[in-house]
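What follows is target_23.cif (mmCIF, C-alpha atoms).
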```
data_data
#
loop_
_atom_site.group_PDB
_atom_site.id
_atom_site.type_symbol
_atom_site.label_atom_id
_atom_site.label_comp_id
_atom_site.auth_asym_id
_atom_site.auth_seq_id
_atom_site.Cartn_x
_atom_site.Cartn_y
_atom_site.Cartn_z
ATOM 1 C CA MET A 108 -27.943 -12.590 -4.744
ATOM 2 C CA SER A 109 -24.560 -10.911 -5.208
ATOM 3 C CA VAL A 110 -24.995 -7.775 -7.267
ATOM 4 C CA TYR A 111 -21.651 -6.030 -6.867
ATOM 5 C CA ARG A 112 -18.233 -7.377 -7.544
ATOM 6 C CA VAL A 113 -14.827 -6.159 -6.469
ATOM 7 C CA VAL A 114 -12.093 -6.555 -9.080
ATOM 8 C CA VAL A 115 -8.351 -6.256 -8.431
ATOM 9 C CA PHE A 116 -6.118 -5.236 -11.346
ATOM 10 C CA ASN A 117 -2.524 -6.110 -12.057
ATOM 11 C CA ASP A 118 0.282 -3.626 -11.598
ATOM 12 C CA ASP A 119 4.059 -3.793 -11.823
ATOM 13 C CA LEU A 120 4.764 -2.461 -8.357
ATOM 14 C CA ASN A 121 3.069 -4.786 -5.894
ATOM 15 C CA THR A 122 4.558 -8.211 -5.270
ATOM 16 C CA MET A 123 2.741 -11.520 -5.575
ATOM 17 C CA VAL A 124 3.194 -12.099 -1.850
ATOM 18 C CA LEU A 125 1.596 -8.775 -0.928
ATOM 19 C CA VAL A 126 -1.341 -9.266 -3.291
ATOM 20 C CA THR A 127 -1.991 -12.775 -1.940
ATOM 21 C CA ASP A 128 -1.684 -11.612 1.663
ATOM 22 C CA VAL A 129 -4.068 -8.696 1.188
ATOM 23 C CA ILE A 130 -6.720 -10.678 -0.715
ATOM 24 C CA ASN A 131 -6.538 -13.352 1.975
ATOM 25 C CA ARG A 132 -6.887 -10.993 4.922
ATOM 26 C CA ALA A 133 -8.840 -8.009 3.575
ATOM 27 C CA CYS A 134 -11.387 -10.075 1.627
ATOM 28 C CA GLY A 135 -11.504 -13.158 3.852
ATOM 29 C CA VAL A 136 -10.575 -15.417 0.940
ATOM 30 C CA PRO A 137 -8.867 -18.706 1.974
ATOM 31 C CA LEU A 138 -5.146 -18.673 1.227
ATOM 32 C CA PRO A 139 -5.070 -21.181 -1.685
ATOM 33 C CA GLU A 140 -7.911 -19.316 -3.416
ATOM 34 C CA ALA A 141 -6.242 -15.980 -2.725
ATOM 35 C CA ALA A 142 -3.079 -17.304 -4.403
ATOM 36 C CA ALA A 143 -5.137 -18.504 -7.382
ATOM 37 C CA MET A 144 -6.723 -15.061 -7.682
ATOM 38 C CA MET A 145 -3.284 -13.444 -7.493
ATOM 39 C CA ARG A 146 -2.107 -15.693 -10.368
ATOM 40 C CA ARG A 147 -5.167 -14.749 -12.423
ATOM 41 C CA ILE A 148 -4.427 -11.066 -11.780
ATOM 42 C CA HIS A 149 -0.828 -11.630 -12.857
ATOM 43 C CA THR A 150 -1.606 -13.594 -16.015
ATOM 44 C CA GLU A 151 -4.960 -12.174 -17.137
ATOM 45 C CA GLY A 152 -4.692 -8.641 -15.777
ATOM 46 C CA CYS A 153 -7.490 -8.798 -13.213
ATOM 47 C CA SER A 154 -9.577 -11.042 -11.000
ATOM 48 C CA THR A 155 -12.840 -10.761 -9.133
ATOM 49 C CA VAL A 156 -12.011 -11.095 -5.451
ATOM 50 C CA GLY A 157 -15.441 -10.530 -3.958
ATOM 51 C CA LEU A 158 -19.140 -10.775 -4.870
ATOM 52 C CA LEU A 159 -21.239 -8.781 -2.467
ATOM 53 C CA PRO A 160 -24.932 -8.119 -1.928
ATOM 54 C CA THR A 161 -24.775 -4.351 -1.518
ATOM 55 C CA ARG A 162 -22.767 -1.516 -2.984
ATOM 56 C CA ASP A 163 -21.783 -0.446 0.529
ATOM 57 C CA ASP A 164 -20.298 -3.879 1.263
ATOM 58 C CA ALA A 165 -18.424 -3.858 -2.050
ATOM 59 C CA GLU A 166 -17.082 -0.356 -1.462
ATOM 60 C CA SER A 167 -16.013 -1.274 2.039
ATOM 61 C CA MET A 168 -13.973 -4.182 0.658
ATOM 62 C CA ALA A 169 -12.562 -1.987 -2.109
ATOM 63 C CA ALA A 170 -11.501 0.616 0.450
ATOM 64 C CA ARG A 171 -9.642 -2.036 2.463
ATOM 65 C CA LEU A 172 -7.789 -3.145 -0.686
ATOM 66 C CA LEU A 173 -7.029 0.436 -1.740
ATOM 67 C CA GLY A 174 -5.596 1.048 1.718
ATOM 68 C CA PHE A 175 -2.910 -1.517 0.944
ATOM 69 C CA GLY A 176 -2.136 0.073 -2.407
ATOM 70 C CA LEU A 177 -3.937 -2.347 -4.723
ATOM 71 C CA ARG A 178 -5.711 -1.087 -7.853
ATOM 72 C CA VAL A 179 -9.348 -2.014 -7.520
ATOM 73 C CA LYS A 180 -12.760 -1.351 -9.076
ATOM 74 C CA VAL A 181 -16.311 -1.873 -7.875
ATOM 75 C CA GLU A 182 -18.591 -3.076 -10.674
ATOM 76 C CA ALA A 183 -22.254 -3.988 -10.934
ATOM 77 C CA ASN A 184 -22.423 -7.759 -11.484
ATOM 78 C CA ARG A 185 -24.513 -8.011 -14.672
ATOM 79 C CA MET B 45 26.178 -0.193 -7.198
ATOM 80 C CA THR B 46 25.727 -2.279 -4.072
ATOM 81 C CA VAL B 47 22.807 -1.895 -1.726
ATOM 82 C CA ARG B 48 23.993 -2.293 1.842
ATOM 83 C CA TYR B 49 20.758 -1.636 3.669
ATOM 84 C CA GLU B 50 19.679 -3.959 6.446
ATOM 85 C CA PHE B 51 16.094 -4.554 7.446
ATOM 86 C CA ASP B 52 15.829 -7.453 9.878
ATOM 87 C CA VAL B 53 12.486 -8.519 11.309
ATOM 88 C CA VAL B 54 11.706 -10.653 14.358
ATOM 89 C CA VAL B 55 8.078 -11.493 15.067
ATOM 90 C CA GLY B 56 7.167 -11.964 18.727
ATOM 91 C CA GLU B 57 3.894 -12.884 20.382
ATOM 92 C CA SER B 58 2.580 -9.347 20.533
ATOM 93 C CA GLN B 59 5.364 -7.198 19.110
ATOM 94 C CA VAL B 60 7.311 -7.005 15.891
ATOM 95 C CA LEU B 61 10.942 -5.992 16.230
ATOM 96 C CA ILE B 62 12.611 -4.400 13.236
ATOM 97 C CA LYS B 63 16.280 -3.526 13.063
ATOM 98 C CA LEU B 64 17.204 -1.023 10.393
ATOM 99 C CA SER B 65 20.730 -0.227 9.367
ATOM 100 C CA GLU B 66 21.687 3.259 10.493
ATOM 101 C CA ASP B 67 21.726 4.633 6.952
ATOM 102 C CA LEU B 68 18.089 3.578 6.527
ATOM 103 C CA VAL B 69 16.886 5.621 9.519
ATOM 104 C CA PRO B 70 17.103 9.075 7.881
ATOM 105 C CA VAL B 71 15.808 7.659 4.596
ATOM 106 C CA LEU B 72 12.713 6.196 6.227
ATOM 107 C CA ARG B 73 12.114 9.226 8.419
ATOM 108 C CA THR B 74 12.427 11.705 5.579
ATOM 109 C CA ASN B 75 10.241 9.786 3.155
ATOM 110 C CA THR B 76 7.582 8.813 5.689
ATOM 111 C CA ALA B 77 7.358 12.436 6.787
ATOM 112 C CA ALA B 78 7.086 13.476 3.130
ATOM 113 C CA LEU B 79 4.236 11.019 2.603
ATOM 114 C CA ALA B 80 2.424 12.301 5.694
ATOM 115 C CA ALA B 81 2.943 15.931 4.700
ATOM 116 C CA SER B 82 1.663 15.249 1.209
ATOM 117 C CA ILE B 83 -1.644 13.877 2.438
ATOM 118 C CA ASP B 84 -2.108 16.337 5.248
ATOM 119 C CA TYR B 85 -4.851 18.726 4.228
ATOM 120 C CA ALA B 86 -4.425 20.716 7.413
ATOM 121 C CA GLN B 87 -0.842 21.772 6.932
ATOM 122 C CA PRO B 88 -0.369 25.525 6.758
ATOM 123 C CA LYS B 89 -0.173 26.951 3.273
ATOM 124 C CA ARG B 90 2.005 29.853 2.264
ATOM 125 C CA GLY B 91 1.391 32.059 -0.727
ATOM 126 C CA LEU B 92 -1.120 31.477 -3.494
ATOM 127 C CA LEU B 93 1.491 30.137 -5.938
ATOM 128 C CA ASP B 94 2.862 27.711 -3.365
ATOM 129 C CA ARG B 95 -0.652 26.587 -2.544
ATOM 130 C CA ARG B 96 -1.525 26.052 -6.189
ATOM 131 C CA ARG B 97 1.696 24.136 -6.801
ATOM 132 C CA PHE B 98 1.170 22.061 -3.676
ATOM 133 C CA ASP B 99 -2.453 21.351 -4.516
ATOM 134 C CA ARG B 100 -1.529 20.149 -8.002
ATOM 135 C CA THR B 101 1.246 17.917 -6.640
ATOM 136 C CA GLN B 102 -1.040 16.641 -3.923
ATOM 137 C CA ARG B 103 -3.853 15.841 -6.333
ATOM 138 C CA ALA B 104 -1.483 13.866 -8.554
ATOM 139 C CA LEU B 105 -0.105 11.947 -5.579
ATOM 140 C CA LEU B 106 -3.569 11.182 -4.212
ATOM 141 C CA CYS B 107 -4.572 9.788 -7.622
ATOM 142 C CA ARG B 108 -1.573 7.487 -7.472
ATOM 143 C CA LEU B 109 -2.191 6.481 -3.839
ATOM 144 C CA PHE B 110 -5.900 5.812 -4.249
ATOM 145 C CA PRO B 111 -6.775 5.263 -7.903
ATOM 146 C CA SER B 112 -10.391 5.613 -8.938
ATOM 147 C CA ALA B 113 -12.624 2.745 -7.802
ATOM 148 C CA SER B 114 -14.930 2.995 -10.813
ATOM 149 C CA ASP B 115 -14.660 3.673 -14.546
ATOM 150 C CA PHE B 116 -17.924 5.584 -14.314
ATOM 151 C CA ALA B 117 -17.042 9.104 -13.134
ATOM 152 C CA PRO B 118 -20.168 9.781 -10.989
ATOM 153 C CA LEU B 119 -19.691 6.474 -9.129
ATOM 154 C CA ALA B 120 -15.986 7.175 -8.674
ATOM 155 C CA GLN B 121 -16.878 10.576 -7.237
ATOM 156 C CA GLU B 122 -19.442 9.062 -4.874
ATOM 157 C CA PHE B 123 -16.871 6.514 -3.727
ATOM 158 C CA ASP B 124 -14.430 9.323 -3.021
ATOM 159 C CA VAL B 125 -17.049 11.237 -1.026
ATOM 160 C CA ARG B 126 -17.811 8.150 1.075
ATOM 161 C CA TRP B 127 -14.312 6.701 1.470
ATOM 162 C CA GLY B 128 -11.697 9.211 0.325
ATOM 163 C CA GLN B 129 -11.298 11.085 3.582
ATOM 164 C CA HIS B 130 -11.249 7.833 5.557
ATOM 165 C CA LEU B 131 -8.464 6.426 3.358
ATOM 166 C CA ARG B 132 -6.396 9.606 3.567
ATOM 167 C CA THR B 133 -6.843 9.952 7.326
ATOM 168 C CA GLU B 134 -5.962 6.301 7.886
ATOM 169 C CA LEU B 135 -2.764 6.516 5.845
ATOM 170 C CA PHE B 136 -1.796 9.835 7.439
ATOM 171 C CA ALA B 137 -2.208 8.367 10.932
ATOM 172 C CA ALA B 138 -0.305 5.204 9.975
ATOM 173 C CA ALA B 139 2.573 7.260 8.555
ATOM 174 C CA ASN B 140 2.820 9.259 11.765
ATOM 175 C CA ARG B 141 2.746 6.118 13.926
ATOM 176 C CA VAL B 142 5.463 4.532 11.793
ATOM 177 C CA LEU B 143 7.510 7.708 11.983
ATOM 178 C CA ALA B 144 7.214 7.829 15.770
ATOM 179 C CA SER B 145 8.311 4.193 16.083
ATOM 180 C CA ILE B 146 11.698 4.580 14.385
ATOM 181 C CA GLY B 147 14.417 4.801 17.019
ATOM 182 C CA ASP B 148 17.607 6.785 16.447
ATOM 183 C CA ASP B 149 19.625 3.557 16.522
ATOM 184 C CA GLY B 150 17.392 1.901 13.924
ATOM 185 C CA SER B 151 15.417 -0.186 16.400
ATOM 186 C CA VAL B 152 11.673 -0.456 16.013
ATOM 187 C CA SER B 153 9.253 -2.210 18.337
ATOM 188 C CA TYR B 154 5.725 -2.229 16.955
ATOM 189 C CA PRO B 155 2.495 -3.898 18.119
ATOM 190 C CA LEU B 156 1.874 -7.022 16.057
ATOM 191 C CA ASP B 157 -1.822 -6.226 15.685
ATOM 192 C CA ALA B 158 -0.992 -2.830 14.150
ATOM 193 C CA VAL B 159 1.884 -3.875 11.902
ATOM 194 C CA ASP B 160 -0.293 -3.320 8.823
ATOM 195 C CA ASP B 161 0.693 0.331 9.351
ATOM 196 C CA TRP B 162 4.199 -0.567 8.235
ATOM 197 C CA ILE B 163 3.028 -2.687 5.295
ATOM 198 C CA ARG B 164 0.825 0.145 4.024
ATOM 199 C CA VAL B 165 3.310 2.931 4.574
ATOM 200 C CA LEU B 166 6.188 1.050 2.936
ATOM 201 C CA GLY B 167 3.998 0.289 -0.072
ATOM 202 C CA GLN B 168 2.378 3.687 -0.433
ATOM 203 C CA THR B 169 5.589 5.684 0.065
ATOM 204 C CA ARG B 170 6.724 4.352 -3.335
ATOM 205 C CA MET B 171 4.004 6.493 -4.906
ATOM 206 C CA LEU B 172 6.108 9.551 -4.075
ATOM 207 C CA TRP B 173 8.429 8.491 -6.892
ATOM 208 C CA VAL B 174 6.785 6.076 -9.304
ATOM 209 C CA HIS B 175 3.548 4.965 -10.951
ATOM 210 C CA ARG B 176 2.180 1.444 -10.713
ATOM 211 C CA THR B 177 3.452 0.670 -14.183
ATOM 212 C CA ILE B 178 7.038 0.766 -12.937
ATOM 213 C CA THR B 179 8.736 -2.148 -11.228
ATOM 214 C CA GLY B 180 11.000 -0.996 -8.417
ATOM 215 C CA ASP B 181 14.593 -2.177 -8.595
ATOM 216 C CA PRO B 182 16.990 -1.621 -5.674
ATOM 217 C CA MET B 183 19.933 -1.868 -8.097
ATOM 218 C CA SER B 184 18.630 0.631 -10.644
ATOM 219 C CA GLU B 185 20.661 3.660 -11.695
ATOM 220 C CA ASP B 186 17.441 5.686 -11.659
ATOM 221 C CA VAL B 187 17.071 7.040 -8.123
ATOM 222 C CA ARG B 188 13.235 6.921 -8.230
ATOM 223 C CA VAL B 189 13.149 3.319 -9.397
ATOM 224 C CA ARG B 190 15.883 2.410 -6.912
ATOM 225 C CA SER B 191 14.001 4.046 -4.012
ATOM 226 C CA ALA B 192 10.803 2.222 -4.955
ATOM 227 C CA GLY B 193 12.765 -1.021 -5.189
ATOM 228 C CA VAL B 194 14.236 -0.601 -1.712
ATOM 229 C CA TYR B 195 10.757 -0.021 -0.297
ATOM 230 C CA THR B 196 9.380 -3.090 -2.083
ATOM 231 C CA TRP B 197 12.301 -5.079 -0.673
ATOM 232 C CA MET B 198 11.573 -3.880 2.889
ATOM 233 C CA GLN B 199 7.857 -4.605 2.541
ATOM 234 C CA GLN B 200 8.625 -8.074 1.206
ATOM 235 C CA ARG B 201 11.010 -8.778 4.112
ATOM 236 C CA LEU B 202 8.343 -7.741 6.594
ATOM 237 C CA ILE B 203 5.503 -9.765 5.054
ATOM 238 C CA SER B 204 7.734 -12.821 4.663
ATOM 239 C CA ALA B 205 8.701 -12.636 8.341
ATOM 240 C CA LEU B 206 5.088 -12.212 9.410
ATOM 241 C CA ARG B 207 3.711 -14.950 7.168
ATOM 242 C CA PRO B 208 6.460 -17.321 6.025
ATOM 243 C CA GLU B 209 3.842 -19.708 4.630
ATOM 244 C CA LEU B 210 2.980 -17.205 1.878
ATOM 245 C CA ALA B 211 6.168 -17.836 -0.085
ATOM 246 C CA GLU B 212 5.284 -21.518 -0.525
ATOM 247 C CA VAL B 213 1.655 -20.821 -1.420
ATOM 248 C CA VAL B 214 2.683 -18.255 -4.024
ATOM 249 C CA ARG B 215 5.282 -20.642 -5.523
ATOM 250 C CA ALA B 216 2.847 -23.593 -5.716
#
```
Just dump the structure as structure tokens.
Amino acid sequence: MSVYRVVVFNDDLNTMVLVTDVINRACGVPLPEAAAMMRRIHTEGCSTVGLLPTRDDAESMAARLLGFGLRVKVEANR
Amino acid sequence: MTVRYEFDVVVGESQVLIKLSEDLVPVLRTNTAALAASIDYAQPKRGLLDRRRFDRTQRALLCRLFPSASDFAPLAQEFDVRWGQHLRTELFAAANRVLASIGDDGSVSYPLDAVDDWIRVLGQTRMLWVHRTITGDPMSEDVRVRSAGVYTWMQQRLISALRPELAEVVRA
């Protein structure tokens, strides 16, 4: 069961192309789904990009996203 | 004003070739070095006042570079203990590799499998000037916004050359 989620938040600095590229490669999300997540981030302010079984896995993904300059949070999936 | 910078990218089998206009060379070198210096904990400190000023500036920059990964302060602190040094070291090393790759004539040859260094450094260098709530604009009168805009433009050129299919997927 996935107990931690990784959420990416919208910002005004990063482009749609970068956000899609990073979600695709850093989270292993297929490209069409990565683009859909990017659109959700853009229109709704945030999107869950990963549901992971351990906090360590979630933090590892968050660190990869932070490394590319995205704004990200790790949350318990209640 | 007119922006006359050039940033041309050719993607080969194992190398990425970037050609910068000559006026971009000192800009990139200076700002990449500033980014590296700002995250370098080991750099020699001078007097107490300088150190305090530097530490405050550095803390603010680090908050912009790597915003908190949790709204709950203890978890955010634990994340920083586990990942903060790794993130800072990684960006510092990438900035130095990017810096070393910039030729005097504006030519860059970079391994394709390491080109994320450039994507990260171009994106994170903008944090020297702006917050994430500001959209960079290469035509802006405000030098900070203009600088951020030029870096966004270069990053976009690079990603588009590396993955031309992204533009269509994003438009769909």
>> Could you list, as a list in words, every residue within 7 Å of Leu64 (chain B), counting all atoms listed in the file and ignoring same-chain residues fewer than 6 positions away?
In response: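 Surrounding residues, per the criterion: Glu50, Phe51, Asp52, Gly150 and Ser151 of chain B.
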> Within 9 Å of region 165-173 of chain A, counting all atoms listed in the file, which residues qualify if same-chain residues fewer than 2 places away don't, as a PyMOL selection string?
Replying inline: (chain A and resi 111-115+129-130+133-134+157-163+175-182) or (chain B and resi 109-111+113+123+126-128+130-131)
>> Restricting the calculation to all atoms listed in the file: of B:Ala192, B:Ala137, B:Ala144, B:Val71, which residue gets closest to chain A?
In response: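 Residue with the minimum atom-to-atom distance to chain A: B:Ala192.
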> By how many Å are CA of Trp173 (chain B) and CA of Ser191 (chain B) apart?
Replying inline: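 Interatomic distance, CA of Trp173 (chain B) to CA of Ser191 (chain B): 7.7 Å.
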Interface list for chain B, partner chain A, 6 Å threshold, all atoms listed in the file, as a compact mmCIF listing (two decimals) with C-alpha atoms, keeping the file's coordinate frame:
```txt
# COMPACT_ATOMS: atom_id res chain seq x y z
CA ALA B 113 -12.62 2.74 -7.80
CA SER B 114 -14.93 3.00 -10.81
CA ARG B 164 0.82 0.14 4.02
CA ARG B 176 2.18 1.44 -10.71
CA THR B 177 3.45 0.67 -14.18
CA ILE B 178 7.04 0.77 -12.94
CA THR B 179 8.74 -2.15 -11.23
CA VAL B 214 2.68 -18.26 -4.02
```
> In Å to one decimal, how far is CA of Asn184 (chain A) from CA of Gln168 (chain B)?
Replying inline: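 Between CA of Gln168 (chain B) and CA of Asn184 (chain A) the gap works out to 29.5 Å.
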>> Under the PyMOL selection byres ((chain B and resi 72) around 10), which residues of this model are included? Write them out as a list in words.
In response: Leu64, Asp67, Leu68, Val69, Pro70, Val71, Arg73, Thr74, Asn75, Thr76, Ala77, Ala78, Val142, Leu143, Ile146, Gly150, Leu166, Thr169 and Tyr195 of chain B
Could you take the residues named above and write them with C-alpha atoms, as a JSON list (two decimals), in the frame of the given file?
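The resulting file, part15.json, is reproduced below:
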```
[["chain", "number", "residue", "atom", "x", "y", "z"],
["B", 64, "LEU", "CA", 17.20, -1.02, 10.39],
["B", 67, "ASP", "CA", 21.73, 4.63, 6.95],
["B", 68, "LEU", "CA", 18.09, 3.58, 6.53],
["B", 69, "VAL", "CA", 16.89, 5.62, 9.52],
["B", 70, "PRO", "CA", 17.10, 9.07, 7.88],
["B", 71, "VAL", "CA", 15.81, 7.66, 4.60],
["B", 73, "ARG", "CA", 12.11, 9.23, 8.42],
["B", 74, "THR", "CA", 12.43, 11.70, 5.58],
["B", 75, "ASN", "CA", 10.24, 9.79, 3.16],
["B", 76, "THR", "CA", 7.58, 8.81, 5.69],
["B", 77, "ALA", "CA", 7.36, 12.44, 6.79],
["B", 78, "ALA", "CA", 7.09, 13.48, 3.13],
["B", 142, "VAL", "CA", 5.46, 4.53, 11.79],
["B", 143, "LEU", "CA", 7.51, 7.71, 11.98],
["B", 146, "ILE", "CA", 11.70, 4.58, 14.38],
["B", 150, "GLY", "CA", 17.39, 1.90, 13.92],
["B", 166, "LEU", "CA", 6.19, 1.05, 2.94],
["B", 169, "THR", "CA", 5.59, 5.68, 0.06],
["B", 195, "TYR", "CA", 10.76, -0.02, -0.30]]
```
> Suppose you want the space between CA of Val60 (chain B) and CA of Val159 (chain B); what is it in Å?
Replying inline: 7.4 Å
Grab all the atoms of region 179-183 of chain B that the file lists, wrap them in a box along x, y and z, add 5 Å per side, and give me centre plus edge lengths in Å (one decimal) as lines of an AutoDock Vina configuration file.
```
center_x = 14.3
center_y = -1.6
center_z = -8.5
size_x = 21.2
size_y = 11.2
size_z = 15.6
```
>> With distances taken over all atoms listed in the file, which residue among B:Ala81, B:Leu206, B:Ile163, B:Met171 lies nearest Val189 (chain B)?
In response: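 Of the candidates, the smallest distance to Val189 (chain B) is held by B:Met171.
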> Where does the PyMOL selection byres ((chain B and resi 155) around 6) land in this file, that is, which residues does it pick, as a PyMOL selection string?
Replying inline: chain B and resi 58-59+154+156-158
>> I need the residue nearest Val55 (chain B) from this list: B:Leu172, B:Met198, B:Ala80, B:Val152. Use all atoms listed in the file for the distance.
In response: B:Val152
> Out of A:Ala183, A:Val156, A:Val110, A:Ile148, which residue has the shortest atom-to-atom distance to Arg132 (chain A) when counting all atoms listed in the file?
Replying inline: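 Residue with the minimum atom-to-atom distance to Arg132 (chain A): A:Val156.
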